[in-house]
Amino acid sequence: MASHLIAEGFVKEGLTIVKALRSRYDGRIRNPWNEYECGNYYARAMASYALLGALAGFRYSAVERTLWFGPRLSVRPFQAFFSTASGLARLCWMPGPSALNCFEGELRIEKLVLTNGRSPEP
């Protein structure tokens with residue numbers, strides 16, 4: 001729910017949910033990688049990974065060879081790791097020139113769309 005809210009532009013509301021969850025599952029009382037809200041089956045790692053994509057405004061189409069990126073937070077530089085079926089990369093959004101570094105595999109990109117925090121529409 002939190003990552004969906006963030007992806008739809010409700011960043012403050014999404015981060016409020018994240019903060020509440022993290023305060024309950026901090027490792028002192030309960031396992032920090034097992035949230036009941038995620039089905040009690042160690043799904044937090046997957047739920048946490050969804051937050052990364054939502055906060056980065058990340059979307060990738062291998063068919064169109066297009067990468068959309070637009071951080072939802074105003075922190076600069078903003079850096080985010082992402083993965084596709086063919087490679088691992090890091091995007092860095094800075095006040096000046098931004099960077100895309102593929103450090104494993106390959107990433108076929110013909111078009112890079114910087115969305116400036118808007119929804120990464122196809």
# chains A, B, ... in the order shown; residues from 1 in each chain; ligands from 1
>>> residues_around(residues="Cys102 (chain A)", least_positions_apart="4", cutoff="8 Å", atoms="only C-alpha atoms", output="list in words")
Gly87, Leu88, Ala89, Arg90, Glu106 and Leu107 of chain A
>>> residues_around(residues="Val75 (chain A)", least_positions_apart="6", cutoff="12 Å", atoms="only C-alpha atoms", output="list in words")
Leu55, Ala56, Cys92, Trp93, Met94, Pro95 and Gly117 of chain A
>>> atom_distance(atom1="CA of Pro71 (chain A)", atom2="CA of Gly27 (chain A)")
28.8 Å
>>> residues_around(residues="Val18 (chain A)", least_positions_apart="5", cutoff="10 Å", atoms="only C-alpha atoms", output="list in words")
Met1, Ala2, Ser3, Lys12, Glu13, Ser23, Ser48 and Leu51 of chain A
>>> residues_around(residues="Arg59 (chain A)", least_positions_apart="5", cutoff="8 Å", atoms="only C-alpha atoms", output="compact mmCIF listing (two decimals) with all heavy atoms, in the first residue's frame")
# COMPACT_ATOMS: atom_id res chain seq x y z
N GLY A 53 11.63 1.29 -6.00
CA GLY A 53 11.15 1.67 -7.33
C GLY A 53 10.17 2.84 -7.29
O GLY A 53 10.21 3.73 -8.14
N LEU A 67 13.73 3.66 -20.33
CA LEU A 67 13.86 3.73 -18.88
C LEU A 67 13.29 5.06 -18.42
O LEU A 67 13.67 6.11 -18.93
CB LEU A 67 15.33 3.62 -18.46
CG LEU A 67 15.63 3.80 -16.98
CD1 LEU A 67 15.10 2.62 -16.19
CD2 LEU A 67 17.12 3.94 -16.77
N TRP A 68 12.33 5.00 -17.48
CA TRP A 68 11.76 6.19 -16.88
C TRP A 68 12.34 6.31 -15.47
O TRP A 68 12.47 5.33 -14.75
CB TRP A 68 10.25 6.08 -16.76
CG TRP A 68 9.51 6.17 -18.05
CD1 TRP A 68 8.94 7.28 -18.59
CD2 TRP A 68 9.21 5.09 -18.94
NE1 TRP A 68 8.31 6.96 -19.78
CE2 TRP A 68 8.47 5.62 -20.02
CE3 TRP A 68 9.52 3.72 -18.94
CZ2 TRP A 68 8.02 4.85 -21.07
CZ3 TRP A 68 9.08 2.94 -20.00
CH2 TRP A 68 8.33 3.49 -21.05
N PHE A 69 12.68 7.54 -15.08
CA PHE A 69 13.26 7.79 -13.77
C PHE A 69 12.87 9.18 -13.33
O PHE A 69 13.04 10.14 -14.09
CB PHE A 69 14.78 7.65 -13.84
CG PHE A 69 15.51 7.88 -12.55
CD1 PHE A 69 15.33 7.03 -11.47
CD2 PHE A 69 16.39 8.94 -12.41
CE1 PHE A 69 16.01 7.23 -10.28
CE2 PHE A 69 17.08 9.14 -11.23
CZ PHE A 69 16.90 8.29 -10.17
N PRO A 120 5.74 7.91 -13.76
CA PRO A 120 6.43 7.43 -14.96
C PRO A 120 5.49 6.71 -15.91
O PRO A 120 5.39 5.50 -15.92
CB PRO A 120 7.51 6.51 -14.41
CG PRO A 120 6.97 6.05 -13.10
CD PRO A 120 6.10 7.15 -12.58
>>> select_by_dssp(residues="region 3-90 of chain A", states="strand (DSSP E or B)", output="PyMOL selection string")
chain A and resi 59-61+66-69+78-83+87-90
>>> select_by_dssp(residues="chain A", states="helix (DSSP H, G or I)", output="VMD selection string")
chain A and resid 2 to 7 11 to 24 36 to 38 44 to 56
>>> write_last_selection(atoms="C-alpha atoms", output="PDB file, in the first residue's frame")
ATOM      1  CA  ALA A   2       2.775   2.430   0.921  1.00  0.00           C
ATOM      2  CA  SER A   3       4.679   1.925  -2.333  1.00  0.00           C
ATOM      3  CA  HIS A   4       1.468   2.292  -4.356  1.00  0.00           C
ATOM      4  CA  LEU A   5       0.632   5.565  -2.606  1.00  0.00           C
ATOM      5  CA  ILE A   6       4.144   6.879  -3.316  1.00  0.00           C
ATOM      6  CA  ALA A   7       3.946   5.811  -6.973  1.00  0.00           C
ATOM      7  CA  VAL A  11       4.625  10.494  -0.934  1.00  0.00           C
ATOM      8  CA  LYS A  12       3.930  11.895   2.539  1.00  0.00           C
ATOM      9  CA  GLU A  13       1.099   9.416   3.166  1.00  0.00           C
ATOM     10  CA  GLY A  14       3.160   6.475   1.893  1.00  0.00           C
ATOM     11  CA  LEU A  15       6.159   7.382   4.035  1.00  0.00           C
ATOM     12  CA  THR A  16       3.875   7.725   7.074  1.00  0.00           C
ATOM     13  CA  ILE A  17       2.858   4.082   6.608  1.00  0.00           C
ATOM     14  CA  VAL A  18       6.500   3.035   6.171  1.00  0.00           C
ATOM     15  CA  LYS A  19       7.510   4.847   9.358  1.00  0.00           C
ATOM     16  CA  ALA A  20       4.708   3.179  11.349  1.00  0.00           C
ATOM     17  CA  LEU A  21       5.692  -0.281  10.082  1.00  0.00           C
ATOM     18  CA  ARG A  22       9.388   0.219  10.715  1.00  0.00           C
ATOM     19  CA  SER A  23       8.712   1.366  14.272  1.00  0.00           C
ATOM     20  CA  ARG A  24       6.824  -1.886  14.987  1.00  0.00           C
ATOM     21  CA  TYR A  36       2.214  -9.680   9.590  1.00  0.00           C
ATOM     22  CA  GLU A  37       0.821  -7.145   7.088  1.00  0.00           C
ATOM     23  CA  CYS A  38       2.791  -8.948   4.358  1.00  0.00           C
ATOM     24  CA  ARG A  44       9.155  -7.717   3.752  1.00  0.00           C
ATOM     25  CA  ALA A  45      12.197  -7.866   1.520  1.00  0.00           C
ATOM     26  CA  MET A  46       9.920  -7.817  -1.540  1.00  0.00           C
ATOM     27  CA  ALA A  47       7.716  -5.086  -0.069  1.00  0.00           C
ATOM     28  CA  SER A  48      10.802  -3.007   0.744  1.00  0.00           C
ATOM     29  CA  TYR A  49      12.105  -3.446  -2.794  1.00  0.00           C
ATOM     30  CA  ALA A  50       8.824  -2.036  -4.167  1.00  0.00           C
ATOM     31  CA  LEU A  51       9.460   1.123  -2.135  1.00  0.00           C
ATOM     32  CA  LEU A  52      12.778   1.660  -3.894  1.00  0.00           C
ATOM     33  CA  GLY A  53      11.152   1.674  -7.328  1.00  0.00           C
ATOM     34  CA  ALA A  54       8.295   3.898  -6.176  1.00  0.00           C
ATOM     35  CA  LEU A  55      10.579   6.474  -4.549  1.00  0.00           C
ATOM     36  CA  ALA A  56      12.862   6.500  -7.597  1.00  0.00           C
TER      37      ALA A  56
END
>>> atom_distance(atom1="CA of Ala80 (chain A)", atom2="CA of Pro97 (chain A)")
15.5 Å
